[in-house]
file run.cif (mmCIF, C-alpha atoms and all ligand atoms)
data_target
#
loop_
_atom_site.label_atom_id
_atom_site.label_comp_id
_atom_site.auth_asym_id
_atom_site.auth_seq_id
_atom_site.Cartn_x
_atom_site.Cartn_y
_atom_site.Cartn_z
CA MET A 1 303.79 186.66 60.16
CA TYR A 2 302.43 188.15 63.36
CA ASP A 3 303.77 187.42 66.83
CA VAL A 4 300.23 187.05 68.07
CA ILE A 5 296.73 187.21 66.62
CA ILE A 6 293.93 187.92 69.05
CA ILE A 7 290.52 186.67 67.96
CA GLY A 8 287.67 188.64 69.54
CA GLY A 9 287.51 192.26 70.69
CA GLY A 10 285.66 192.21 74.02
CA PRO A 11 287.33 193.23 77.31
CA ALA A 12 289.64 190.17 77.31
CA GLY A 13 290.84 190.65 73.73
CA LEU A 14 291.30 194.43 74.01
CA THR A 15 293.27 194.05 77.25
CA ALA A 16 295.53 191.37 75.79
CA GLY A 17 295.98 193.62 72.75
CA LEU A 18 296.84 196.64 74.88
CA TYR A 19 299.50 194.75 76.84
CA ASN A 20 301.02 192.98 73.82
CA ALA A 21 301.08 196.16 71.72
CA ARG A 22 302.63 198.10 74.61
CA ALA A 23 305.28 195.34 74.87
CA ARG A 24 306.06 196.06 71.19
CA LEU A 25 304.90 192.69 69.86
CA ASN A 26 303.59 192.51 66.32
CA VAL A 27 299.96 191.97 67.25
CA LEU A 28 296.70 191.97 65.31
CA LEU A 29 293.20 191.83 66.79
CA LEU A 30 290.47 190.37 64.58
CA GLU A 31 286.85 191.18 65.29
CA ARG A 32 283.83 190.24 63.20
CA LEU A 33 282.12 193.63 63.47
CA ALA A 34 283.25 196.35 65.84
CA PRO A 35 285.19 195.71 69.07
CA GLY A 36 283.30 195.79 72.35
CA GLY A 37 281.64 192.42 72.72
CA GLN A 38 278.59 191.78 74.88
CA VAL A 39 279.33 194.76 77.14
CA LEU A 40 278.12 197.01 74.32
CA THR A 41 274.58 195.81 75.06
CA THR A 42 274.89 196.58 78.78
CA ASP A 43 273.31 199.87 79.69
CA TRP A 44 275.23 200.73 82.81
CA VAL A 45 278.27 199.12 84.44
CA GLU A 46 278.66 199.93 88.11
CA ASN A 47 281.03 197.25 89.39
CA TYR A 48 284.05 197.87 87.19
CA PRO A 49 286.65 199.49 89.43
CA GLY A 50 287.70 203.06 88.77
CA PHE A 51 284.27 204.41 87.88
CA PRO A 52 282.62 205.25 91.21
CA ASP A 53 279.49 206.62 89.50
CA GLY A 54 279.34 203.82 86.92
CA ILE A 55 279.89 204.06 83.18
CA SER A 56 277.86 203.04 80.14
CA GLY A 57 278.91 199.74 78.56
CA PHE A 58 279.46 201.50 75.25
CA GLU A 59 281.72 204.18 76.70
CA LEU A 60 283.76 201.69 78.72
CA MET A 61 284.47 199.59 75.63
CA ASP A 62 285.18 202.65 73.51
CA ARG A 63 287.76 203.77 76.07
CA MET A 64 289.38 200.30 76.15
CA LYS A 65 289.62 200.29 72.35
CA THR A 66 291.12 203.81 72.21
CA GLN A 67 293.63 202.98 74.93
CA ALA A 68 294.79 199.81 73.12
CA GLU A 69 295.03 201.66 69.79
CA ASN A 70 297.08 204.41 71.45
CA PHE A 71 299.72 201.75 72.10
CA GLY A 72 299.61 200.67 68.46
CA LEU A 73 297.16 197.77 68.49
CA LYS A 74 295.99 197.00 64.94
CA ILE A 75 292.29 196.09 64.81
CA GLN A 76 290.85 194.48 61.68
CA SER A 77 287.18 193.71 61.00
CA ASP A 78 287.21 190.22 59.56
CA GLU A 79 285.28 187.02 60.11
CA VAL A 80 287.51 184.08 61.07
CA THR A 81 286.35 181.02 59.15
CA GLY A 82 288.88 178.43 60.29
CA LEU A 83 291.98 177.78 62.36
CA GLU A 84 294.99 175.53 61.80
CA LEU A 85 296.73 175.20 65.14
CA SER A 86 298.71 171.97 65.06
CA SER A 87 302.09 173.31 63.89
CA GLU A 88 304.26 176.00 65.45
CA ARG A 89 303.01 178.52 62.86
CA LYS A 90 299.32 179.00 63.55
CA ARG A 91 297.12 179.80 60.56
CA VAL A 92 294.00 181.94 60.85
CA LEU A 93 291.68 181.65 57.86
CA THR A 94 289.48 184.65 57.15
CA ALA A 95 287.19 185.76 54.36
CA ALA A 96 290.01 188.09 53.23
CA GLY A 97 292.68 185.35 53.19
CA ALA A 98 294.98 183.38 55.50
CA LEU A 99 297.06 185.01 58.24
CA GLU A 100 299.91 183.50 60.24
CA ALA A 101 301.06 183.99 63.81
CA LYS A 102 303.37 182.38 66.33
CA ALA A 103 300.67 182.52 69.01
CA ILE A 104 296.91 182.92 69.24
CA ILE A 105 294.71 184.36 71.99
CA PHE A 106 291.15 183.15 71.58
CA CYS A 107 288.63 185.57 73.15
CA CYS A 108 285.41 184.95 71.25
CA GLY A 109 283.11 185.34 74.24
CA ALA A 110 279.65 183.87 74.55
CA THR A 111 276.18 184.33 73.07
CA TRP A 112 272.78 184.51 74.75
CA LYS A 113 270.99 181.19 75.30
CA LYS A 114 267.54 180.78 73.73
CA LEU A 115 264.44 179.37 75.44
CA GLY A 116 263.58 176.81 72.75
CA ILE A 117 259.81 177.24 73.10
CA GLU A 118 256.92 177.74 70.69
CA GLY A 119 256.79 181.24 69.22
CA GLU A 120 260.42 182.10 70.01
CA ASP A 121 261.85 181.77 66.50
CA ARG A 122 258.80 183.33 64.86
CA LEU A 123 258.87 186.41 67.10
CA MET A 124 262.62 186.89 67.40
CA GLY A 125 263.28 190.60 66.85
CA LYS A 126 259.51 191.22 66.83
CA GLY A 127 259.10 191.51 70.58
CA ILE A 128 261.62 188.94 71.78
CA SER A 129 264.94 190.50 72.68
CA PHE A 130 268.28 189.76 74.36
CA CYS A 131 269.17 193.42 74.85
CA ALA A 132 267.29 195.76 77.18
CA THR A 133 269.55 198.70 76.30
CA CYS A 134 268.80 198.29 72.60
CA ASP A 135 265.09 197.53 72.78
CA GLY A 136 263.81 198.78 76.15
CA PRO A 137 262.72 202.21 74.84
CA PHE A 138 260.32 200.51 72.37
CA TYR A 139 258.15 199.35 75.29
CA ARG A 140 257.30 202.70 76.87
CA ASN A 141 254.27 202.28 79.18
CA GLN A 142 253.82 198.65 78.09
CA GLU A 143 254.23 195.38 80.01
CA VAL A 144 257.15 193.04 79.38
CA ALA A 145 258.39 189.70 80.70
CA VAL A 146 261.99 189.12 81.74
CA ILE A 147 263.09 185.49 81.89
CA GLY A 148 265.89 184.41 84.27
CA GLY A 149 267.03 184.95 87.84
CA GLY A 150 270.74 185.72 87.39
CA ASP A 151 272.62 189.03 87.50
CA THR A 152 271.77 189.88 83.91
CA ALA A 153 268.02 189.23 84.22
CA VAL A 154 267.66 191.19 87.44
CA GLU A 155 269.89 194.07 86.35
CA GLU A 156 268.09 194.42 83.03
CA ALA A 157 264.66 194.10 84.68
CA ILE A 158 265.55 197.07 86.88
CA PHE A 159 266.77 199.00 83.82
CA LEU A 160 263.54 198.25 81.92
CA THR A 161 261.45 199.88 84.68
CA ARG A 162 262.61 203.25 83.31
CA PHE A 163 260.36 202.70 80.29
CA VAL A 164 257.75 200.05 80.91
CA SER A 165 254.67 200.09 83.14
CA LYS A 166 255.40 196.62 84.52
CA VAL A 167 258.05 193.89 84.38
CA HIS A 168 256.90 190.30 84.94
CA LEU A 169 260.09 188.60 86.12
CA VAL A 170 259.86 184.87 85.48
CA HIS A 171 262.21 182.57 87.37
CA ARG A 172 262.21 178.79 87.46
CA ARG A 173 263.01 178.63 91.21
CA ASP A 174 261.84 180.53 94.28
CA LYS A 175 265.23 182.14 94.91
CA LEU A 176 267.20 184.49 92.68
CA ARG A 177 270.75 183.68 91.65
CA ALA A 178 271.62 187.38 91.25
CA ALA A 179 273.88 189.28 93.69
CA ARG A 180 272.20 190.40 96.94
CA VAL A 181 272.41 194.11 96.09
CA LEU A 182 270.48 193.55 92.85
CA GLN A 183 267.96 191.28 94.55
CA GLU A 184 267.18 193.93 97.14
CA ARG A 185 266.62 196.58 94.51
CA ALA A 186 264.39 194.36 92.38
CA LEU A 187 262.37 192.87 95.22
CA SER A 188 261.45 196.30 96.52
CA HIS A 189 260.67 197.76 93.09
CA GLU A 190 257.00 198.59 92.62
CA LYS A 191 257.10 197.93 88.86
CA ILE A 192 258.57 194.41 89.11
CA GLU A 193 256.24 191.48 89.72
CA PHE A 194 257.87 188.14 90.50
CA ASN A 195 256.61 184.88 89.04
CA TRP A 196 258.39 182.23 91.10
CA ASN A 197 258.81 178.56 90.12
CA ALA A 198 257.63 179.46 86.66
CA VAL A 199 258.89 178.62 83.19
CA PRO A 200 257.70 180.04 79.89
CA VAL A 201 256.09 177.45 77.61
CA LYS A 202 254.71 179.49 74.73
CA ILE A 203 254.89 183.02 73.33
CA TYR A 204 251.78 184.35 71.62
CA GLY A 205 251.56 186.73 68.69
CA GLU A 206 251.90 186.86 64.92
CA LYS A 207 253.44 190.20 63.92
CA GLY A 208 254.53 191.03 67.46
CA VAL A 209 254.45 189.55 70.95
CA GLU A 210 250.97 189.57 72.49
CA GLY A 211 251.45 187.35 75.51
CA ILE A 212 253.40 184.62 77.22
CA GLU A 213 252.21 181.38 78.78
CA LEU A 214 253.88 180.38 82.03
CA ARG A 215 253.76 177.00 83.76
CA ASN A 216 254.30 176.65 87.49
CA VAL A 217 256.82 173.83 87.87
CA LYS A 218 255.47 172.90 91.33
CA THR A 219 251.71 172.93 90.71
CA GLY A 220 251.55 172.53 86.92
CA ASP A 221 249.21 175.56 86.77
CA VAL A 222 249.35 177.52 83.53
CA VAL A 223 248.75 181.28 83.27
CA ARG A 224 248.89 183.76 80.42
CA LYS A 225 250.45 187.18 80.88
CA ASN A 226 249.59 189.82 78.31
CA VAL A 227 252.97 191.32 77.58
CA GLN A 228 254.22 193.12 74.48
CA GLY A 229 257.87 192.21 74.94
CA VAL A 230 259.89 189.24 76.21
CA PHE A 231 263.50 189.71 77.31
CA VAL A 232 265.46 186.46 77.63
CA PHE A 233 268.43 186.41 80.03
CA ILE A 234 269.00 182.75 80.88
CA GLY A 235 272.76 182.61 80.51
CA THR A 236 275.14 182.18 77.63
CA ILE A 237 276.66 179.57 75.36
CA PRO A 238 280.33 179.80 74.37
CA ASN A 239 281.37 180.96 70.90
CA SER A 240 283.73 178.02 70.59
CA ASP A 241 282.60 176.40 67.30
CA LEU A 242 285.86 177.48 65.65
CA VAL A 243 287.96 175.44 68.08
CA LYS A 244 285.67 172.41 68.46
CA GLY A 245 287.80 169.31 67.85
CA LEU A 246 290.99 171.42 68.08
CA LEU A 247 291.12 172.54 71.73
CA ARG A 248 290.00 170.77 74.88
CA LEU A 249 286.52 171.99 75.86
CA ASP A 250 284.47 171.30 79.00
CA GLN A 251 281.08 169.54 78.86
CA ASN A 252 279.34 172.83 78.08
CA GLY A 253 281.71 173.76 75.26
CA PHE A 254 283.82 176.34 77.14
CA VAL A 255 287.59 176.30 76.47
CA VAL A 256 289.67 174.65 79.20
CA THR A 257 292.91 176.45 80.12
CA ASP A 258 295.50 176.34 82.88
CA ASP A 259 296.13 179.25 85.26
CA ASN A 260 298.19 181.00 82.58
CA MET A 261 295.32 180.84 80.05
CA GLN A 262 297.21 178.18 78.06
CA THR A 263 294.82 175.85 76.22
CA SER A 264 295.50 172.20 75.32
CA ILE A 265 297.72 173.39 72.43
CA PRO A 266 301.01 175.20 73.20
CA GLY A 267 300.97 178.75 71.87
CA VAL A 268 297.18 178.93 71.89
CA PHE A 269 295.65 180.85 74.79
CA ALA A 270 292.05 181.69 75.71
CA ALA A 271 290.59 184.44 77.90
CA GLY A 272 287.22 185.92 78.85
CA ASP A 273 283.72 184.48 78.71
CA VAL A 274 284.65 181.69 76.29
CA ARG A 275 286.89 180.15 78.96
CA SER A 276 285.71 177.42 81.32
CA LYS A 277 285.32 179.12 84.74
CA LEU A 278 282.90 180.11 87.49
CA PHE A 279 282.68 183.88 87.35
CA ARG A 280 282.10 185.88 84.18
CA GLN A 281 282.70 189.58 84.73
CA ILE A 282 284.29 192.43 82.79
CA SER A 283 286.95 192.56 85.50
CA THR A 284 287.73 188.83 85.25
CA ALA A 285 287.91 189.04 81.44
CA VAL A 286 290.31 192.00 81.71
CA GLY A 287 292.49 190.11 84.21
CA GLU A 288 292.59 187.03 82.02
CA GLY A 289 293.49 189.12 78.96
CA ALA A 290 296.45 190.53 80.87
CA VAL A 291 297.58 187.08 82.03
CA ALA A 292 297.26 185.67 78.50
CA SER A 293 299.33 188.54 77.07
CA TYR A 294 302.10 187.84 79.57
CA ALA A 295 301.96 184.09 78.89
CA VAL A 296 302.26 184.83 75.16
CA GLU A 297 305.39 186.91 75.76
CA LYS A 298 306.98 184.08 77.76
CA TYR A 299 305.95 181.55 75.11
CA LEU A 300 307.46 183.67 72.32
CA GLU A 301 310.75 184.00 74.22
CA ASN A 302 310.97 180.20 74.26
CA VAL A 303 309.89 179.44 70.68
CA ALA A 304 312.05 182.24 69.30
CA GLY A 305 314.92 180.62 71.21
P1 LIG A 401 273.53 183.03 84.80
O1 LIG A 401 274.22 183.55 86.00
O2 LIG A 401 273.94 181.72 84.20
O3 LIG A 401 271.96 183.00 85.13
C1 LIG A 401 271.05 182.42 84.25
C2 LIG A 401 269.68 182.45 84.89
O4 LIG A 401 268.74 181.89 83.97
C3 LIG A 401 269.61 181.62 86.18
O5 LIG A 401 268.78 182.26 87.09
C4 LIG A 401 268.99 180.31 85.69
O6 LIG A 401 268.20 179.68 86.67
C5 LIG A 401 268.09 180.76 84.55
N1 LIG A 401 267.96 179.75 83.49
C6 LIG A 401 268.93 179.05 82.87
N2 LIG A 401 268.42 178.24 81.91
C7 LIG A 401 267.08 178.45 81.93
C8 LIG A 401 266.00 177.94 81.17
N3 LIG A 401 266.19 177.05 80.19
N4 LIG A 401 264.76 178.36 81.46
C9 LIG A 401 264.54 179.27 82.45
N5 LIG A 401 265.52 179.81 83.19
C10 LIG A 401 266.78 179.41 82.94
O7 LIG A 401 273.63 184.07 83.54
P2 LIG A 401 273.75 185.66 83.55
O8 LIG A 401 272.80 186.26 84.50
O9 LIG A 401 273.71 186.07 82.12
O10 LIG A 401 275.22 185.93 84.09
C11 LIG A 401 276.35 185.36 83.42
C12 LIG A 401 277.62 185.76 84.17
O11 LIG A 401 277.81 187.16 84.03
C13 LIG A 401 277.54 185.47 85.67
O12 LIG A 401 278.82 185.08 86.12
C14 LIG A 401 277.15 186.80 86.26
O13 LIG A 401 277.57 186.97 87.61
C15 LIG A 401 277.87 187.77 85.32
N6 LIG A 401 277.17 189.08 85.28
C16 LIG A 401 277.51 189.99 86.24
C17 LIG A 401 276.90 191.22 86.26
C18 LIG A 401 277.28 192.19 87.31
O14 LIG A 401 278.08 191.87 88.15
N7 LIG A 401 276.75 193.40 87.34
C19 LIG A 401 275.90 191.54 85.32
C20 LIG A 401 275.55 190.58 84.39
C21 LIG A 401 276.19 189.35 84.38
P3 LIG A 401 268.87 178.99 87.99
O15 LIG A 401 269.22 180.13 88.88
O16 LIG A 401 267.76 178.13 88.49
O17 LIG A 401 270.04 178.21 87.47
#

call {"tool": "encode", "arguments": {"input": "run.cif", "output": "structure tokens"}}
result
Amino acid sequence: MYDVIIIGGGPAGLTAGLYNARARLNVLLLERLAPGGQVLTTDWVENYPGFPDGISGFELMDRMKTQAENFGLKIQSDEVTGLELSSERKRVLTAAGALEAKAIIFCCGATWKKLGIEGEDRLMGKGISFCATCDGPFYRNQEVAVIGGGDTAVEEAIFLTRFVSKVHLVHRRDKLRAARVLQERALSHEKIEFNWNAVPVKIYGEKGVEGIELRNVKTGDVVRKNVQGVFVFIGTIPNSDLVKGLLRLDQNGFVVTDDNMQTSIPGVFAAGDVRSKLFRQISTAVGEGAVASYAVEKYLENVAG
């Protein structure tokens, strides 16, 4: 019987684990593969405080993991298949068997949203990608499309210019959502061409991507761009299937919590990108992980009497 089981090993889960392990709780972190979460696919992080020259996403997460383990956090690679949360003893069902804990911190993060257009499923992994760090080097001196106008799309478009000859950035409006500093860099970059008010409608190719068809949402005009890669960065969907019907979710499926990260069930907390909120950052996930760990300690003091 654990004091707390943390599900998910991104910045929120690792921070909660660090704090709870340091507070000498009996804590286990479960992660499907290796800890790190979505940050692992981010090439360079330059707005996480304490690293004035920036740090690679991989190194940042590796450091967080090492720091948590130094305080005794146990990390287990295991897929959680179900949760039983209604009684005071929470049960976590995994492929390796059932585990029990007095409290749960749910930090399962979010997954990239797909476009849902012709050619996407067929060419997934054959030219369509959600990770510029992983796949950018395959497109040396080629042309690629980047879909989206948020921080991720603009940041990754800039990163891709290291390899490719041209980035066709495709955004459905005529104004970027991304932070001003990123906008300025992208708008002045000679390798980035902006396709405003445009949405992708079809991706061409059989064995690999050969082109993308874009429709102008104002004029209805359709154009084809001959690109060899398509990078999709149109936001994320929460990894909340495990708690559907168990915890209160918002209309988009993100977990609703109070200010102390407490979900609709006492003793069950949520932190990071899976939580319903406005701003998804490494720094906000870290802060929420710390708050959740503290709330767990207070909760355990009460249930333990
Ligand atoms: P996001 O902020 O939700 O942006 C998604 C972008 O995709 C928006 O420009 C949106 O257009 C567009 N979009 C959504 N659905 C679409 C569709 N079906 N077809 C075409 N375009 C579509 O997602 P994100 O950029 O992944 O960022 C997620 C969170 O992480 C944000 O809070 C962001 O600030 C944060 N983040 C921060 C950093 C950083 O600080 N360095 C880096 C990456 C991410 P509209 O603009 O028209 O809605």

call {"tool": "residues_around", "arguments": {"input": "run.cif", "residues": "Val209 (chain A)", "least_positions_apart": "2", "cutoff": "10 Å", "atoms": "all atoms listed in the file", "output": "VMD selection string"}}
result
chain A and resid 119 to 120 122 to 128 144 203 to 207 211 to 212 226 to 230

call {"tool": "closest_atom_pairs", "arguments": {"input": "run.cif", "of": "chain A", "to": "ligand LIG 401 (chain A)", "cutoff": "7 Å", "atoms": "all atoms listed in the file", "output": "Markdown table"}}
result
| residue | atom | partner | partner_atom | distance |
| --- | --- | --- | --- | --- |
| A:Val45 | CA | A:LIG401 | N7 | 6.6 |
| A:Glu46 | CA | A:LIG401 | N7 | 6.8 |
| A:Asn47 | CA | A:LIG401 | N7 | 6.1 |
| A:Leu115 | CA | A:LIG401 | N3 | 5.6 |
| A:Ile147 | CA | A:LIG401 | N5 | 6.3 |
| A:Gly148 | CA | A:LIG401 | O4 | 3.8 |
| A:Gly149 | CA | A:LIG401 | O5 | 3.3 |
| A:Gly150 | CA | A:LIG401 | O8 | 3.6 |
| A:Asp151 | CA | A:LIG401 | O8 | 4.1 |
| A:Thr152 | CA | A:LIG401 | O8 | 3.8 |
| A:Ala153 | CA | A:LIG401 | O8 | 5.6 |
| A:Glu155 | CA | A:LIG401 | C19 | 6.6 |
| A:His171 | CA | A:LIG401 | N5 | 6.0 |
| A:Arg172 | CA | A:LIG401 | N5 | 5.5 |
| A:Arg173 | CA | A:LIG401 | O16 | 5.5 |
| A:Leu176 | CA | A:LIG401 | O15 | 6.1 |
| A:Arg177 | CA | A:LIG401 | O15 | 4.8 |
| A:Ala178 | CA | A:LIG401 | O8 | 6.9 |
| A:Val199 | CA | A:LIG401 | C9 | 5.7 |
| A:Phe233 | CA | A:LIG401 | O9 | 5.7 |
| A:Ile234 | CA | A:LIG401 | O4 | 3.2 |
| A:Gly235 | CA | A:LIG401 | O7 | 3.5 |
| A:Thr236 | CA | A:LIG401 | O9 | 6.1 |
| A:Leu278 | CA | A:LIG401 | O12 | 6.6 |
| A:Phe279 | CA | A:LIG401 | O12 | 4.2 |
| A:Arg280 | CA | A:LIG401 | O12 | 3.9 |
| A:Gln281 | CA | A:LIG401 | C15 | 5.2 |

call {"tool": "write_last_selection", "arguments": {"input": "run.cif", "atoms": "C-alpha atoms", "output": "short mmCIF file (atom, residue, chain, number, x, y, z; two decimals), in the frame of the given file"}}
result
data_model
loop_
_atom_site.label_atom_id
_atom_site.label_comp_id
_atom_site.auth_asym_id
_atom_site.auth_seq_id
_atom_site.Cartn_x
_atom_site.Cartn_y
_atom_site.Cartn_z
CA VAL A 45 278.27 199.12 84.44
CA GLU A 46 278.66 199.93 88.11
CA ASN A 47 281.03 197.25 89.39
CA LEU A 115 264.44 179.37 75.44
CA ILE A 147 263.09 185.49 81.89
CA GLY A 148 265.89 184.41 84.27
CA GLY A 149 267.03 184.95 87.84
CA GLY A 150 270.74 185.72 87.39
CA ASP A 151 272.62 189.03 87.50
CA THR A 152 271.77 189.88 83.91
CA ALA A 153 268.02 189.23 84.22
CA GLU A 155 269.89 194.07 86.35
CA HIS A 171 262.21 182.57 87.37
CA ARG A 172 262.21 178.79 87.46
CA ARG A 173 263.01 178.63 91.21
CA LEU A 176 267.20 184.49 92.68
CA ARG A 177 270.75 183.68 91.65
CA ALA A 178 271.62 187.38 91.25
CA VAL A 199 258.89 178.62 83.19
CA PHE A 233 268.43 186.41 80.03
CA ILE A 234 269.00 182.75 80.88
CA GLY A 235 272.76 182.61 80.51
CA THR A 236 275.14 182.18 77.63
CA LEU A 278 282.90 180.11 87.49
CA PHE A 279 282.68 183.88 87.35
CA ARG A 280 282.10 185.88 84.18
CA GLN A 281 282.70 189.58 84.73
#

call {"tool": "residues_around", "arguments": {"input": "run.cif", "residues": "region 134-138 of chain A", "least_positions_apart": "2", "cutoff": "9 Å", "atoms": "only C-alpha atoms", "output": "VMD selection string"}}
result
chain A and resid 41 to 43 127 129 to 132 140 142 159 to 164 229

call {"tool": "residues_near_point", "arguments": {"input": "run.cif", "point": "(282.8, 192.3, 63.1)", "cutoff": "8 Å", "atoms": "only C-alpha atoms", "output": "ChimeraX atom specification"}}
result
/A:31-35,77-79

call {"tool": "closest_residue", "arguments": {"input": "run.cif", "among": "A:Val303, A:Lys298, A:Thr111, A:Lys175", "to": "Arg89 (chain A)", "atoms": "all atoms listed in the file"}}
result
A:Val303

call {"tool": "atom_distance", "arguments": {"input": "run.cif", "atom1": "CA of Asp258 (chain A)", "atom2": "CA of Leu18 (chain A)"}}
result
21.9 Å

call {"tool": "closest_residue", "arguments": {"input": "run.cif", "among": "A:Arg215, A:Gly10, A:Glu156, A:Gly245", "to": "Gln38 (chain A)", "atoms": "all atoms listed in the file"}}
result
A:Gly10

call {"tool": "residues_near_point", "arguments": {"input": "run.cif", "point": "(297.4, 179.8, 80.7)", "cutoff": "12 Å", "atoms": "only C-alpha atoms", "output": "PyMOL selection string"}}
result
chain A and resi 104-106+255-271+275-276+287-299

call {"tool": "closest_residue", "arguments": {"input": "run.cif", "among": "A:Val286, A:Met64, A:Ala103, A:Leu246", "to": "Glu301 (chain A)", "atoms": "only C-alpha atoms"}}
result
A:Ala103

call {"tool": "residues_around", "arguments": {"input": "run.cif", "residues": "Glu69 (chain A)", "least_positions_apart": "5", "cutoff": "12 Å", "atoms": "all atoms listed in the file", "output": "PDB file with C-alpha atoms, in the frame of the given file"}}
result
ATOM      1  CA  LEU A  14     291.300 194.430  74.010  1.00  0.00           C
ATOM      2  CA  THR A  15     293.270 194.050  77.250  1.00  0.00           C
ATOM      3  CA  ALA A  16     295.530 191.370  75.790  1.00  0.00           C
ATOM      4  CA  GLY A  17     295.980 193.620  72.750  1.00  0.00           C
ATOM      5  CA  LEU A  18     296.840 196.640  74.880  1.00  0.00           C
ATOM      6  CA  TYR A  19     299.500 194.750  76.840  1.00  0.00           C
ATOM      7  CA  ASN A  20     301.020 192.980  73.820  1.00  0.00           C
ATOM      8  CA  ALA A  21     301.080 196.160  71.720  1.00  0.00           C
ATOM      9  CA  ARG A  22     302.630 198.100  74.610  1.00  0.00           C
ATOM     10  CA  VAL A  27     299.960 191.970  67.250  1.00  0.00           C
ATOM     11  CA  LEU A  28     296.700 191.970  65.310  1.00  0.00           C
ATOM     12  CA  LEU A  29     293.200 191.830  66.790  1.00  0.00           C
ATOM     13  CA  PRO A  35     285.190 195.710  69.070  1.00  0.00           C
ATOM     14  CA  ASP A  62     285.180 202.650  73.510  1.00  0.00           C
ATOM     15  CA  ARG A  63     287.760 203.770  76.070  1.00  0.00           C
ATOM     16  CA  MET A  64     289.380 200.300  76.150  1.00  0.00           C
ATOM     17  CA  LYS A  74     295.990 197.000  64.940  1.00  0.00           C
ATOM     18  CA  ILE A  75     292.290 196.090  64.810  1.00  0.00           C
ATOM     19  CA  GLN A  76     290.850 194.480  61.680  1.00  0.00           C
TER      20      GLN A  76
END

call {"tool": "atom_distance", "arguments": {"input": "run.cif", "atom1": "CA of Ile237 (chain A)", "atom2": "CA of Ala110 (chain A)"}}
result
5.3 Å

call {"tool": "atom_distance", "arguments": {"input": "run.cif", "atom1": "CA of Ala179 (chain A)", "atom2": "CA of Phe231 (chain A)"}}
result
19.4 Å

call {"tool": "residues_around", "arguments": {"input": "run.cif", "residues": "Val223 (chain A)", "least_positions_apart": "2", "cutoff": "9 Å", "atoms": "all atoms listed in the file", "output": "number ranges by chain"}}
result
A: 212-216, 221, 225

call {"tool": "closest_residue", "arguments": {"input": "run.cif", "among": "A:Leu249, A:Val39, A:Ala101, A:Ala186", "to": "Met61 (chain A)", "atoms": "all atoms listed in the file"}}
result
A:Val39

call {"tool": "residues_around", "arguments": {"input": "run.cif", "residues": "Cys108 (chain A)", "least_positions_apart": "3", "cutoff": "9 Å", "atoms": "all atoms listed in the file", "output": "ChimeraX atom specification"}}
result
/A:7-10,13,31,37,238-240,270-274

call {"tool": "write_last_selection", "arguments": {"input": "run.cif", "atoms": "C-alpha atoms", "output": "PDB file, keeping the file's coordinate frame"}}
result
ATOM      1  CA  ILE A   7     290.520 186.670  67.960  1.00  0.00           C
ATOM      2  CA  GLY A   8     287.670 188.640  69.540  1.00  0.00           C
ATOM      3  CA  GLY A   9     287.510 192.260  70.690  1.00  0.00           C
ATOM      4  CA  GLY A  10     285.660 192.210  74.020  1.00  0.00           C
ATOM      5  CA  GLY A  13     290.840 190.650  73.730  1.00  0.00           C
ATOM      6  CA  GLU A  31     286.850 191.180  65.290  1.00  0.00           C
ATOM      7  CA  GLY A  37     281.640 192.420  72.720  1.00  0.00           C
ATOM      8  CA  PRO A 238     280.330 179.800  74.370  1.00  0.00           C
ATOM      9  CA  ASN A 239     281.370 180.960  70.900  1.00  0.00           C
ATOM     10  CA  SER A 240     283.730 178.020  70.590  1.00  0.00           C
ATOM     11  CA  ALA A 270     292.050 181.690  75.710  1.00  0.00           C
ATOM     12  CA  ALA A 271     290.590 184.440  77.900  1.00  0.00           C
ATOM     13  CA  GLY A 272     287.220 185.920  78.850  1.00  0.00           C
ATOM     14  CA  ASP A 273     283.720 184.480  78.710  1.00  0.00           C
ATOM     15  CA  VAL A 274     284.650 181.690  76.290  1.00  0.00           C
TER      16      VAL A 274
END

call {"tool": "closest_residue", "arguments": {"input": "run.cif", "among": "A:Ala145, A:Ser188, A:Tyr139, A:Cys107", "to": "Phe254 (chain A)", "atoms": "all atoms listed in the file"}}
result
A:Cys107
